[in-house]
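Pasting protein33.tsv here (TSV, C-alpha atoms):
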```tsv
chain	number	residue	atom	x	y	z
A	1	MET	CA	-159.23	-66.49	-11.55
A	2	LEU	CA	-159.02	-69.16	-14.30
A	3	TYR	CA	-155.52	-70.12	-13.16
A	4	PHE	CA	-156.74	-70.45	-9.58
A	5	VAL	CA	-159.70	-72.64	-10.55
A	6	ASP	CA	-157.52	-74.83	-12.75
A	7	ILE	CA	-154.89	-75.49	-10.08
A	8	VAL	CA	-157.28	-75.95	-7.13
A	9	ARG	CA	-159.45	-78.56	-8.89
A	10	ARG	CA	-156.45	-80.90	-9.22
A	11	HIS	CA	-156.88	-83.26	-6.23
A	12	SER	CA	-153.55	-84.88	-6.99
A	13	HIS	CA	-151.79	-81.72	-5.78
A	14	PRO	CA	-152.49	-81.38	-2.02
A	15	HIS	CA	-150.45	-78.17	-1.76
A	16	SER	CA	-153.20	-76.49	-3.81
A	17	TRP	CA	-155.53	-76.85	-0.81
A	18	VAL	CA	-152.89	-76.03	1.79
A	19	LEU	CA	-151.39	-72.95	0.10
A	20	ASN	CA	-153.27	-71.73	-2.96
A	21	THR	CA	-156.79	-71.69	-1.57
A	22	PRO	CA	-155.97	-69.95	1.77
A	23	VAL	CA	-153.79	-67.37	-0.01
A	24	PHE	CA	-156.54	-66.71	-2.54
A	25	VAL	CA	-159.07	-66.17	0.25
A	26	LEU	CA	-156.65	-63.80	2.00
A	27	TRP	CA	-156.20	-61.90	-1.26
A	28	ILE	CA	-159.96	-61.43	-1.60
A	29	LEU	CA	-160.20	-60.23	2.01
A	30	ASP	CA	-157.30	-57.86	1.42
A	31	LYS	CA	-159.02	-56.35	-1.64
A	32	VAL	CA	-162.17	-55.76	0.41
A	33	ALA	CA	-160.27	-54.30	3.39
A	34	CYS	CA	-158.36	-51.93	1.10
A	35	LEU	CA	-161.64	-50.36	0.02
A	36	PHE	CA	-161.90	-48.85	3.52
A	37	TRP	CA	-158.31	-48.77	4.84
A	38	ARG	CA	-157.12	-45.15	4.97
A	39	LEU	CA	-160.01	-43.91	2.91
A	40	ILE	CA	-160.42	-40.15	3.24
A	41	LYS	CA	-164.14	-39.66	3.65
A	42	SER	CA	-165.61	-36.77	1.66
A	43	PRO	CA	-162.29	-35.12	0.82
A	44	ASN	CA	-162.43	-31.39	0.17
A	45	VAL	CA	-160.48	-31.19	-3.09
A	46	ILE	CA	-159.20	-27.88	-4.42
A	47	ARG	CA	-158.12	-27.80	-8.06
A	48	GLU	CA	-155.68	-25.28	-9.46
A	49	ARG	CA	-155.29	-25.42	-13.22
A	50	ILE	CA	-151.67	-24.76	-14.11
A	51	SER	CA	-151.92	-25.30	-17.87
A	52	ASP	CA	-153.80	-27.43	-20.38
A	53	ASP	CA	-151.60	-30.39	-19.44
A	54	TYR	CA	-151.06	-29.94	-15.68
A	55	VAL	CA	-153.25	-29.43	-12.65
A	56	ALA	CA	-152.46	-29.06	-8.94
A	57	LEU	CA	-154.79	-30.84	-6.52
A	58	TYR	CA	-155.01	-30.00	-2.81
A	59	TRP	CA	-156.97	-31.99	-0.24
A	60	THR	CA	-157.29	-32.56	3.49
A	61	ALA	CA	-156.34	-35.97	4.88
A	62	ASN	CA	-156.95	-37.37	8.34
A	63	ASP	CA	-153.90	-36.49	10.41
A	64	GLN	CA	-153.89	-39.76	12.34
A	65	TYR	CA	-151.38	-41.82	10.37
A	66	PRO	CA	-147.83	-41.17	11.62
A	67	ASN	CA	-146.01	-43.21	8.95
A	68	ASP	CA	-145.45	-40.23	6.65
A	69	ILE	CA	-143.62	-38.10	9.23
A	70	THR	CA	-140.16	-38.62	7.73
A	71	ALA	CA	-141.08	-40.03	4.32
A	72	VAL	CA	-140.61	-37.87	1.22
A	73	GLY	CA	-143.30	-37.95	-1.44
A	74	SER	CA	-145.95	-40.12	0.20
A	75	ASN	CA	-148.28	-41.95	-2.17
A	76	PHE	CA	-152.04	-41.46	-2.37
A	77	PHE	CA	-154.47	-43.48	-4.44
A	78	MET	CA	-157.25	-41.60	-6.23
A	79	ILE	CA	-160.24	-42.30	-8.39
A	80	VAL	CA	-163.10	-40.17	-9.71
A	81	GLU	CA	-166.64	-41.41	-9.27
A	82	PRO	CA	-168.44	-42.77	-11.08
A	83	SER	CA	-165.81	-45.14	-12.47
A	84	SER	CA	-165.95	-48.58	-13.97
A	85	TRP	CA	-165.63	-51.47	-11.52
A	86	VAL	CA	-162.65	-52.73	-13.55
A	87	GLU	CA	-160.72	-49.48	-13.04
A	88	SER	CA	-158.41	-49.64	-10.05
A	89	ARG	CA	-157.23	-46.73	-7.93
A	90	HIS	CA	-154.39	-44.69	-9.42
A	91	PRO	CA	-151.28	-43.83	-7.34
A	92	PHE	CA	-149.92	-40.28	-7.19
A	93	THR	CA	-146.94	-38.82	-5.36
A	94	SER	CA	-147.88	-36.05	-2.92
A	95	PHE	CA	-146.37	-33.23	-0.92
A	96	LYS	CA	-147.48	-32.22	2.55
A	97	ASN	CA	-148.40	-28.78	3.83
A	98	ARG	CA	-146.11	-28.27	6.83
A	99	GLY	CA	-146.94	-24.62	7.39
A	100	VAL	CA	-145.85	-23.12	4.05
A	101	SER	CA	-148.94	-23.09	1.84
A	102	LEU	CA	-148.58	-23.13	-1.94
A	103	ALA	CA	-152.27	-22.55	-2.67
A	104	GLU	CA	-154.34	-19.43	-2.21
A	105	ALA	CA	-156.73	-21.51	-0.16
A	106	GLY	CA	-154.32	-22.61	2.54
A	107	HIS	CA	-156.62	-25.09	4.28
A	108	TYR	CA	-155.21	-28.37	2.99
A	109	THR	CA	-152.85	-31.05	4.28
A	110	HIS	CA	-151.56	-32.59	1.04
A	111	GLY	CA	-151.21	-31.70	-2.62
A	112	ALA	CA	-149.99	-33.12	-5.91
A	113	VAL	CA	-149.06	-31.91	-9.37
A	114	ILE	CA	-150.71	-34.18	-11.94
A	115	ARG	CA	-150.15	-34.52	-15.67
A	116	THR	CA	-153.41	-34.45	-17.61
A	117	PHE	CA	-153.72	-36.83	-20.56
A	118	HIS	CA	-156.33	-35.90	-23.18
A	119	ASN	CA	-156.07	-38.89	-25.52
A	120	ALA	CA	-159.12	-41.12	-25.70
A	121	ARG	CA	-158.74	-44.63	-24.33
A	122	LYS	CA	-158.46	-47.35	-26.94
A	123	PRO	CA	-160.30	-49.52	-26.10
A	124	PRO	CA	-162.39	-47.72	-23.46
A	125	LEU	CA	-161.95	-49.11	-19.95
A	126	GLY	CA	-165.34	-50.27	-18.72
A	127	GLY	CA	-167.04	-47.95	-21.20
A	128	GLU	CA	-165.13	-44.86	-19.99
A	129	ILE	CA	-163.52	-43.12	-22.96
A	130	ARG	CA	-161.73	-40.24	-21.19
A	131	SER	CA	-158.61	-40.77	-19.07
A	132	HIS	CA	-158.85	-40.61	-15.29
A	133	THR	CA	-156.53	-37.57	-15.16
A	134	GLU	CA	-158.76	-35.63	-17.54
A	135	ARG	CA	-161.74	-36.44	-15.35
A	136	PHE	CA	-159.74	-35.07	-12.38
A	137	VAL	CA	-159.97	-31.69	-14.09
A	138	LYS	CA	-163.55	-31.85	-15.30
A	139	GLY	CA	-165.19	-33.91	-12.56
A	140	SER	CA	-167.05	-32.58	-9.56
A	141	PRO	CA	-164.88	-31.82	-6.48
A	142	SER	CA	-167.20	-34.04	-4.45
A	143	SER	CA	-166.65	-37.04	-6.74
A	144	PHE	CA	-163.10	-37.80	-5.59
A	145	SER	CA	-162.21	-40.86	-3.56
A	146	ILE	CA	-158.72	-40.74	-2.02
A	147	TRP	CA	-156.78	-43.29	0.03
A	148	GLY	CA	-153.53	-42.64	1.88
A	149	PRO	CA	-150.87	-41.89	2.78
A	150	PHE	CA	-148.81	-44.96	1.84
A	151	GLN	CA	-145.06	-45.35	1.53
A	152	GLY	CA	-142.93	-46.86	-1.19
A	153	HIS	CA	-139.31	-47.85	-1.56
A	154	VAL	CA	-137.98	-44.41	-2.54
A	155	THR	CA	-140.15	-42.40	-0.15
A	156	ASN	CA	-138.52	-44.11	2.82
A	157	LEU	CA	-134.98	-44.08	1.40
A	158	ILE	CA	-134.62	-40.32	0.87
A	159	PRO	CA	-134.55	-39.47	4.62
A	160	LYS	CA	-131.98	-42.22	5.18
A	161	ALA	CA	-129.70	-40.66	2.56
A	162	PHE	CA	-129.05	-37.65	4.78
A	163	PRO	CA	-125.84	-38.17	6.81
A	164	LYS	CA	-126.20	-38.93	10.48
A	165	ASP	CA	-123.87	-38.06	13.32
A	166	GLY	CA	-120.84	-40.30	13.38
A	167	GLU	CA	-120.77	-41.10	9.67
A	168	ALA	CA	-117.37	-40.74	8.03
A	169	GLN	CA	-118.39	-40.35	4.38
A	170	GLU	CA	-119.40	-36.97	2.99
A	171	ARG	CA	-122.47	-37.08	0.78
A	172	THR	CA	-124.55	-35.00	-1.60
A	173	VAL	CA	-128.28	-35.66	-1.93
A	174	VAL	CA	-129.65	-35.10	-5.45
A	175	LEU	CA	-133.31	-35.09	-6.48
A	176	ALA	CA	-133.92	-35.17	-10.23
A	177	GLY	CA	-137.33	-34.93	-11.83
A	178	SER	CA	-139.28	-33.78	-14.85
A	179	GLY	CA	-142.86	-32.64	-15.36
A	180	SER	CA	-145.17	-33.63	-12.50
A	181	ALA	CA	-142.23	-35.25	-10.68
A	182	VAL	CA	-141.62	-31.86	-9.09
A	183	THR	CA	-143.99	-33.10	-6.38
A	184	PHE	CA	-141.42	-35.12	-4.43
A	185	MET	CA	-138.93	-32.23	-4.66
A	186	ILE	CA	-141.51	-29.88	-3.16
A	187	ASP	CA	-142.12	-32.36	-0.34
A	188	LEU	CA	-138.41	-32.52	0.55
A	189	MET	CA	-138.23	-28.70	0.55
A	190	SER	CA	-141.32	-28.70	2.77
A	191	HIS	CA	-139.46	-30.99	5.18
A	192	LEU	CA	-136.44	-28.70	5.17
A	193	SER	CA	-138.61	-25.66	5.86
A	194	THR	CA	-140.11	-26.99	9.08
A	195	ALA	CA	-138.52	-26.23	12.42
A	196	GLU	CA	-139.73	-29.49	13.98
A	197	ASP	CA	-138.04	-32.17	11.86
A	198	THR	CA	-134.37	-32.88	12.67
A	199	THR	CA	-134.05	-35.81	10.26
A	200	PHE	CA	-133.01	-33.45	7.48
A	201	ASP	CA	-130.14	-31.65	9.18
A	202	LEU	CA	-128.56	-29.14	6.80
A	203	LYS	CA	-125.95	-28.22	9.42
A	204	ASN	CA	-124.40	-31.70	9.41
A	205	ASP	CA	-120.77	-31.38	8.32
A	206	LYS	CA	-120.99	-34.57	6.28
A	207	LEU	CA	-123.78	-33.18	4.10
A	208	LYS	CA	-122.12	-31.32	1.25
A	209	GLN	CA	-125.20	-30.15	-0.68
A	210	VAL	CA	-128.83	-30.84	-1.50
A	211	ILE	CA	-129.29	-30.40	-5.25
A	212	PHE	CA	-132.60	-30.21	-7.10
A	213	LEU	CA	-132.49	-30.80	-10.87
A	214	TYR	CA	-135.80	-30.15	-12.59
A	215	SER	CA	-136.86	-29.92	-16.23
A	216	THR	CA	-140.14	-29.31	-18.06
A	217	ARG	CA	-141.37	-28.37	-21.51
A	218	ASP	CA	-144.43	-26.57	-20.13
A	219	GLN	CA	-143.88	-22.83	-19.67
A	220	SER	CA	-146.84	-22.38	-17.30
A	221	LEU	CA	-145.72	-25.28	-15.13
A	222	TYR	CA	-142.23	-23.80	-15.13
A	223	GLU	CA	-143.56	-20.54	-13.70
A	224	TRP	CA	-145.62	-22.42	-11.10
A	225	VAL	CA	-142.54	-24.39	-10.00
A	226	ILE	CA	-140.43	-21.23	-9.71
A	227	HIS	CA	-143.06	-19.65	-7.47
A	228	ALA	CA	-143.47	-22.78	-5.33
A	229	MET	CA	-139.76	-23.35	-4.81
A	230	THR	CA	-139.14	-19.67	-4.14
A	231	THR	CA	-141.80	-19.70	-1.42
A	232	LEU	CA	-140.26	-22.76	0.21
A	233	ALA	CA	-136.71	-21.42	-0.15
A	234	HIS	CA	-137.69	-18.35	1.87
A	235	ALA	CA	-138.86	-20.64	4.69
A	236	ILE	CA	-135.74	-22.83	4.49
A	237	ASN	CA	-133.55	-19.75	4.74
A	238	LYS	CA	-135.19	-18.76	8.01
A	239	LYS	CA	-134.28	-22.10	9.58
A	240	TRP	CA	-131.02	-23.21	7.99
A	241	GLY	CA	-129.80	-20.65	5.52
A	242	LEU	CA	-129.28	-21.58	1.89
A	243	ASP	CA	-125.57	-22.34	1.76
A	244	LYS	CA	-126.16	-26.04	1.03
A	245	ILE	CA	-129.18	-25.68	-1.26
A	246	ARG	CA	-128.85	-25.60	-5.04
A	247	ILE	CA	-131.86	-25.59	-7.35
A	248	ILE	CA	-131.61	-25.77	-11.15
A	249	LEU	CA	-134.88	-25.28	-13.02
A	250	ALA	CA	-134.86	-25.81	-16.78
A	251	CYS	CA	-137.58	-25.03	-19.32
A	252	THR	CA	-137.04	-26.55	-22.76
A	253	ALA	CA	-140.19	-25.06	-24.32
A	254	ASN	CA	-139.35	-23.42	-27.65
A	255	LYS	CA	-135.69	-23.56	-26.71
A	256	GLN	CA	-134.58	-23.26	-30.34
A	257	SER	CA	-136.22	-19.86	-30.71
A	258	ASN	CA	-135.32	-18.68	-27.21
A	259	LYS	CA	-131.88	-17.12	-27.07
A	260	LEU	CA	-131.85	-16.51	-23.34
A	261	ASN	CA	-129.13	-18.28	-21.41
A	262	LEU	CA	-130.08	-18.21	-17.76
A	263	ARG	CA	-127.22	-20.29	-16.34
A	264	SER	CA	-126.12	-17.38	-14.18
A	265	ILE	CA	-128.59	-15.00	-12.59
A	266	SER	CA	-127.53	-11.65	-11.22
A	267	ARG	CA	-129.91	-11.73	-8.28
A	268	THR	CA	-128.90	-11.83	-4.65
A	269	PHE	CA	-130.99	-12.87	-1.72
A	270	SER	CA	-130.59	-12.60	2.02
A	271	MET	CA	-133.13	-12.63	4.77
A	272	SER	CA	-132.54	-12.50	8.50
A	273	ASP	CA	-134.79	-14.02	11.11
A	274	SER	CA	-136.52	-10.67	11.59
A	275	GLU	CA	-137.47	-10.41	7.92
A	276	ASP	CA	-140.25	-12.10	6.03
A	277	GLU	CA	-141.35	-12.33	2.43
A	278	SER	CA	-143.24	-9.04	2.60
A	279	ASP	CA	-139.95	-7.23	3.23
A	280	LEU	CA	-138.51	-8.42	-0.07
A	281	ASP	CA	-138.82	-6.49	-3.29
A	282	SER	CA	-141.12	-8.56	-5.46
A	283	SER	CA	-142.01	-5.78	-7.89
A	284	THR	CA	-138.70	-5.80	-9.74
A	285	ALA	CA	-138.69	-7.94	-12.87
A	286	CYS	CA	-136.16	-10.76	-13.11
A	287	HIS	CA	-133.37	-10.41	-15.63
A	288	ASP	CA	-130.62	-12.59	-17.01
A	289	ILE	CA	-126.96	-11.53	-16.95
A	290	GLU	CA	-127.41	-9.57	-20.20
A	291	GLY	CA	-130.28	-7.55	-18.82
A	292	ASN	CA	-133.01	-9.27	-20.84
A	293	ASP	CA	-136.36	-9.84	-19.21
A	294	ILE	CA	-136.98	-13.43	-18.17
A	295	PRO	CA	-140.19	-14.48	-19.96
A	296	LEU	CA	-142.34	-15.11	-16.88
A	297	SER	CA	-145.88	-13.85	-16.42
A	298	HIS	CA	-145.10	-13.11	-12.75
A	299	SER	CA	-142.12	-11.43	-11.10
A	300	TYR	CA	-140.53	-12.99	-8.06
A	301	SER	CA	-137.91	-12.07	-5.54
A	302	TYR	CA	-136.06	-15.34	-5.48
A	303	PRO	CA	-132.86	-16.60	-3.84
A	304	SER	CA	-129.52	-16.91	-5.57
A	305	CYS	CA	-129.58	-20.69	-4.99
A	306	ILE	CA	-132.13	-20.94	-7.81
A	307	GLU	CA	-130.67	-21.08	-11.31
A	308	LEU	CA	-133.00	-20.74	-14.30
A	309	LEU	CA	-132.18	-22.38	-17.63
A	310	HIS	CA	-133.81	-22.21	-21.03
A	311	ASP	CA	-131.81	-25.18	-22.22
A	312	ARG	CA	-131.24	-28.79	-21.26
A	313	VAL	CA	-129.49	-29.52	-17.98
A	314	ASP	CA	-125.99	-31.01	-18.16
A	315	TYR	CA	-126.77	-33.79	-15.69
A	316	ASN	CA	-123.31	-35.29	-15.93
A	317	GLY	CA	-121.78	-31.99	-14.87
A	318	GLN	CA	-124.31	-31.27	-12.13
A	319	ILE	CA	-124.23	-34.62	-10.30
A	320	PRO	CA	-121.04	-34.84	-8.20
A	321	ASP	CA	-119.23	-37.91	-6.90
A	322	ASN	CA	-120.40	-39.42	-3.59
A	323	SER	CA	-124.04	-38.62	-4.24
A	324	ALA	CA	-127.32	-40.33	-3.49
A	325	VAL	CA	-129.47	-39.61	-6.55
A	326	PHE	CA	-133.26	-40.03	-6.51
A	327	CYS	CA	-135.06	-39.79	-9.82
A	328	GLN	CA	-138.68	-39.57	-10.92
A	329	GLY	CA	-139.88	-38.94	-14.45
A	330	SER	CA	-140.33	-40.52	-17.85
A	331	THR	CA	-138.33	-43.48	-19.09
A	332	GLY	CA	-136.21	-41.21	-21.28
A	333	PHE	CA	-135.49	-38.91	-18.36
A	334	LYS	CA	-134.47	-41.82	-16.15
A	335	ASP	CA	-132.16	-43.09	-18.90
A	336	ALA	CA	-130.51	-39.66	-19.09
A	337	ILE	CA	-129.92	-39.63	-15.32
A	338	ALA	CA	-128.57	-43.19	-15.35
A	339	LYS	CA	-126.19	-42.29	-18.18
A	340	ALA	CA	-124.99	-39.19	-16.33
A	341	CYS	CA	-124.19	-41.26	-13.22
A	342	ARG	CA	-122.17	-43.95	-14.98
A	343	GLY	CA	-118.49	-43.89	-14.11
A	344	LYS	CA	-118.86	-41.57	-11.13
A	345	GLU	CA	-117.38	-42.60	-7.80
A	346	GLY	CA	-119.65	-43.37	-4.87
A	347	VAL	CA	-122.92	-42.55	-6.68
A	348	SER	CA	-126.07	-44.53	-5.86
A	349	VAL	CA	-129.12	-44.04	-8.08
A	350	TYR	CA	-132.69	-44.82	-7.00
A	351	PHE	CA	-135.68	-44.74	-9.36
A	352	ASP	CA	-139.33	-44.60	-8.43
A	353	GLU	CA	-141.46	-47.67	-8.96
A	354	GLY	CA	-143.56	-46.06	-11.71
```

Mind turning the file's structure into C-alpha cells?
Amino acid sequence: MLYFVDIVRRHSHPHSWVLNTPVFVLWILDKVACLFWRLIKSPNVIRERISDDYVALYWTANDQYPNDITAVGSNFFMIVEPSSWVESRHPFTSFKNRGVSLAEAGHYTHGAVIRTFHNARKPPLGGEIRSHTERFVKGSPSSFSIWGPFQGHVTNLIPKAFPKDGEAQERTVVLAGSGSAVTFMIDLMSHLSTAEDTTFDLKNDKLKQVIFLYSTRDQSLYEWVIHAMTTLAHAINKKWGLDKIRIILACTANKQSNKLNLRSISRTFSMSDSEDESDLDSSTACHDIEGNDIPLSHSYSYPSCIELLHDRVDYNGQIPDNSAVFCQGSTGFKDAIAKACRGKEGVSVYFDEG
C-alpha cells in the first residue's frame, strides 16, 4: 500500500496513472471477488484423527466445476472461523471420492491428509496463538470455510505425463511424497480406479509403470496409508489389473530399533471381476519373509504390488530412466529426490509450488 501511494502521487510519471492505478483497482476487486468465487457454503466437514500430528478431513463440494476432471491433487483453500482479518486462506492438496470411499462416512466428495502443527505462533498472527492446522482439529465442524477446487502447475501436468496413442517414447510415471503428501498419490490412484476416465490408460504399451514412493515417520499415518492404498488397489485391479502398478511404502519410525526388513513380502493377490473385497481373507496377519508379524494395529489383505519397508527408500535405485517424476514433501525430501534423479537419462522432475 505504501509503495502504491508513493508511486501514484508522482505526477511526473504518467504511467503511474495509466498502469499502476488501474491494476491496483483490479487487484482490490479481485480480492473481493475471491471471497465468494468457488466458496463452498456450509461445508459438512468430517474429521478423522489419524495421530497426534495428522488428521484426515472430508467434505462435500459443489459438483459444478469441471476443471478438476483430469487434474491430480486439486487445491482447496481453507480457513477456520473466527480468524484474524490478516490471516489469508491456506491451500491444501486434495483427493476426490470417485466411488471408492476411504472414510467410514462415505458421503463426501473430497478429502485431504493434513499435518497438524502444535507450536505456538511467535508472534501471534492477529492475536491468534495456535496454528490454523491445530484449530482444524479442535474447531467446530461448522466453522470451516472452504474454497475450490483450483488447479496448479503440477496438478495439470500429471495427466499429461501419461503416454498417448502415437507416442514413440516409453515412459514411467513416478509419484514421490512424504507425510501428508500422500494426498496427491491417493488422488491419482482414485483416477486409476474409475471406469469412466480414459486419460490414465494403464493398457498403453508406451506406459512402462506407475510407481508410488512414499515415506513417513508416523506409524499411525503409515497404517492409514496402507489401508487407503490397499482399498484403491483392489478397485484398480478390477479395471486394469496391477501389472503396471508398484507401490513402496516406507516407515522410518524407530527404524534403529526395528529389525524388520520388509523389502520383499510373501503375499500374493489376485481378484477376478466376479470377486470383491469381501471375498479376500483379511483375517490373516501380515508377515515379512522371515515370518515375523508386521507391527500394524490392523491386518489387511493387500496386493503384491505393495512393498512395505521399515527403512529409508533407495530413491536412486527405484527411479528408472525415462521417467516423469512428481514430488511433494519437505525441502529435505525434495533434495533427496533431485539428487536421486541426477545423471539419469530422460528423467524430468516436477516439484509442487509449496

Worksheet item: So which residues touch Gly148 of chain A within 7 Å, counting all atoms listed in the file, skipping near sequence neighbours fewer than 2 positions away, as a PyMOL selection string?
Response: chain A and resi 38-39+75-77+146+150

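Shortest atom-to-atom contact with Met78 of chain A among A:Phe136, A:Trp27, A:Ala56, A:Thr216: A:Phe136, counting all atoms listed in the file.
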
List as a PDB file with C-alpha atoms, in the frame of the given file the protein and nucleic acid residues near Gly179 of chain A, meaning an atom at most 10 Å away when all atoms listed in the file are counted, but skip any in the same chain fewer than 5 places from it.
```pdb
ATOM      1  CA  ASP A  53    -151.600 -30.390 -19.440  1.00  0.00           C
ATOM      2  CA  TYR A  54    -151.060 -29.940 -15.680  1.00  0.00           C
ATOM      3  CA  VAL A 113    -149.060 -31.910  -9.370  1.00  0.00           C
ATOM      4  CA  ILE A 114    -150.710 -34.180 -11.940  1.00  0.00           C
ATOM      5  CA  ARG A 115    -150.150 -34.520 -15.670  1.00  0.00           C
ATOM      6  CA  TYR A 214    -135.800 -30.150 -12.590  1.00  0.00           C
ATOM      7  CA  SER A 215    -136.860 -29.920 -16.230  1.00  0.00           C
ATOM      8  CA  THR A 216    -140.140 -29.310 -18.060  1.00  0.00           C
ATOM      9  CA  ARG A 217    -141.370 -28.370 -21.510  1.00  0.00           C
ATOM     10  CA  ASP A 218    -144.430 -26.570 -20.130  1.00  0.00           C
ATOM     11  CA  LEU A 221    -145.720 -25.280 -15.130  1.00  0.00           C
ATOM     12  CA  TYR A 222    -142.230 -23.800 -15.130  1.00  0.00           C
ATOM     13  CA  VAL A 225    -142.540 -24.390 -10.000  1.00  0.00           C
ATOM     14  CA  GLN A 328    -138.680 -39.570 -10.920  1.00  0.00           C
ATOM     15  CA  GLY A 329    -139.880 -38.940 -14.450  1.00  0.00           C
ATOM     16  CA  SER A 330    -140.330 -40.520 -17.850  1.00  0.00           C
TER      17      SER A 330
END
```

Using only C-alpha atoms, find each residue of segment 135-223 of chain A with at least one atom at most 12 Å away from an atom of segment 89-101 of chain A; report its shortest atom-to-atom pair and that distance in Å (one decimal), sort the rows by chain and rising residue number, and return the result as JSON lines.
```
{"residue": "A:Phe136", "atom": "CA", "partner": "A:His90", "partner_atom": "CA", "distance": 11.4}
{"residue": "A:Phe144", "atom": "CA", "partner": "A:Arg89", "partner_atom": "CA", "distance": 10.9}
{"residue": "A:Ser145", "atom": "CA", "partner": "A:Arg89", "partner_atom": "CA", "distance": 8.9}
{"residue": "A:Ile146", "atom": "CA", "partner": "A:Arg89", "partner_atom": "CA", "distance": 8.5}
{"residue": "A:Trp147", "atom": "CA", "partner": "A:Arg89", "partner_atom": "CA", "distance": 8.7}
{"residue": "A:Gly148", "atom": "CA", "partner": "A:Pro91", "partner_atom": "CA", "distance": 9.6}
{"residue": "A:Pro149", "atom": "CA", "partner": "A:Ser94", "partner_atom": "CA", "distance": 8.7}
{"residue": "A:Phe150", "atom": "CA", "partner": "A:Pro91", "partner_atom": "CA", "distance": 9.6}
{"residue": "A:Gln151", "atom": "CA", "partner": "A:Thr93", "partner_atom": "CA", "distance": 9.7}
{"residue": "A:Gly152", "atom": "CA", "partner": "A:Thr93", "partner_atom": "CA", "distance": 9.9}
{"residue": "A:Val154", "atom": "CA", "partner": "A:Thr93", "partner_atom": "CA", "distance": 10.9}
{"residue": "A:Thr155", "atom": "CA", "partner": "A:Thr93", "partner_atom": "CA", "distance": 9.3}
{"residue": "A:Ser180", "atom": "CA", "partner": "A:Thr93", "partner_atom": "CA", "distance": 9.0}
{"residue": "A:Ala181", "atom": "CA", "partner": "A:Thr93", "partner_atom": "CA", "distance": 8.0}
{"residue": "A:Val182", "atom": "CA", "partner": "A:Thr93", "partner_atom": "CA", "distance": 9.5}
{"residue": "A:Thr183", "atom": "CA", "partner": "A:Phe95", "partner_atom": "CA", "distance": 6.0}
{"residue": "A:Phe184", "atom": "CA", "partner": "A:Phe95", "partner_atom": "CA", "distance": 6.4}
{"residue": "A:Met185", "atom": "CA", "partner": "A:Phe95", "partner_atom": "CA", "distance": 8.4}
{"residue": "A:Ile186", "atom": "CA", "partner": "A:Phe95", "partner_atom": "CA", "distance": 6.3}
{"residue": "A:Asp187", "atom": "CA", "partner": "A:Phe95", "partner_atom": "CA", "distance": 4.4}
{"residue": "A:Leu188", "atom": "CA", "partner": "A:Phe95", "partner_atom": "CA", "distance": 8.1}
{"residue": "A:Met189", "atom": "CA", "partner": "A:Phe95", "partner_atom": "CA", "distance": 9.4}
{"residue": "A:Ser190", "atom": "CA", "partner": "A:Arg98", "partner_atom": "CA", "distance": 6.3}
{"residue": "A:His191", "atom": "CA", "partner": "A:Arg98", "partner_atom": "CA", "distance": 7.4}
{"residue": "A:Leu192", "atom": "CA", "partner": "A:Arg98", "partner_atom": "CA", "distance": 9.8}
{"residue": "A:Ser193", "atom": "CA", "partner": "A:Val100", "partner_atom": "CA", "distance": 7.9}
{"residue": "A:Thr194", "atom": "CA", "partner": "A:Arg98", "partner_atom": "CA", "distance": 6.5}
{"residue": "A:Ala195", "atom": "CA", "partner": "A:Arg98", "partner_atom": "CA", "distance": 9.6}
{"residue": "A:Glu196", "atom": "CA", "partner": "A:Arg98", "partner_atom": "CA", "distance": 9.7}
{"residue": "A:Asp197", "atom": "CA", "partner": "A:Arg98", "partner_atom": "CA", "distance": 10.3}
```

Worksheet item: Restricting the calculation to all atoms listed in the file, which member of A:Ile158, A:Ala235, A:Val55, A:Ala176 is positioned closest to Phe117 of chain A?
Response: A:Val55

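Taking atom CA of Ile40 of chain A as the reference point, atom CA of Asn62 of chain A is found at 6.8 Å.
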
Discussion item. Rounded to one decimal, what separation in Å do you get between atom CA of Thr109 of chain A and atom CA of Leu35 of chain A?
Written reply: 21.6 Å

Worksheet item: Separation of atom CA of Ile306 of chain A and atom CA of Glu167 of chain A, in Å?
Response: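 Distance reported for this atom pair: 29.0 Å.
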
Worksheet item: Which one of A:Ser348, A:Asn204, A:Thr60, A:Ser178 sits closest to Ala105 of chain A if you count all atoms listed in the file?
Response: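 Under the stated criterion, the closest residue is A:Thr60.
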
Worksheet item: Which is closest to Arg312 of chain A among A:Thr198, A:Phe333, A:Glu345, A:Ser142, if we use all atoms listed in the file?
Response: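 Under the stated criterion, the closest residue is A:Phe333.
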
Centre and size of axis-aligned box enclosing segment 237-252 of chain A plus 4 Å each side, as AutoDock Vina command-line options:
```
--center_x -131.6 --center_y -22.7 --center_z -6.6 --size_x 20.0 --size_y 15.8 --size_z 40.3
```
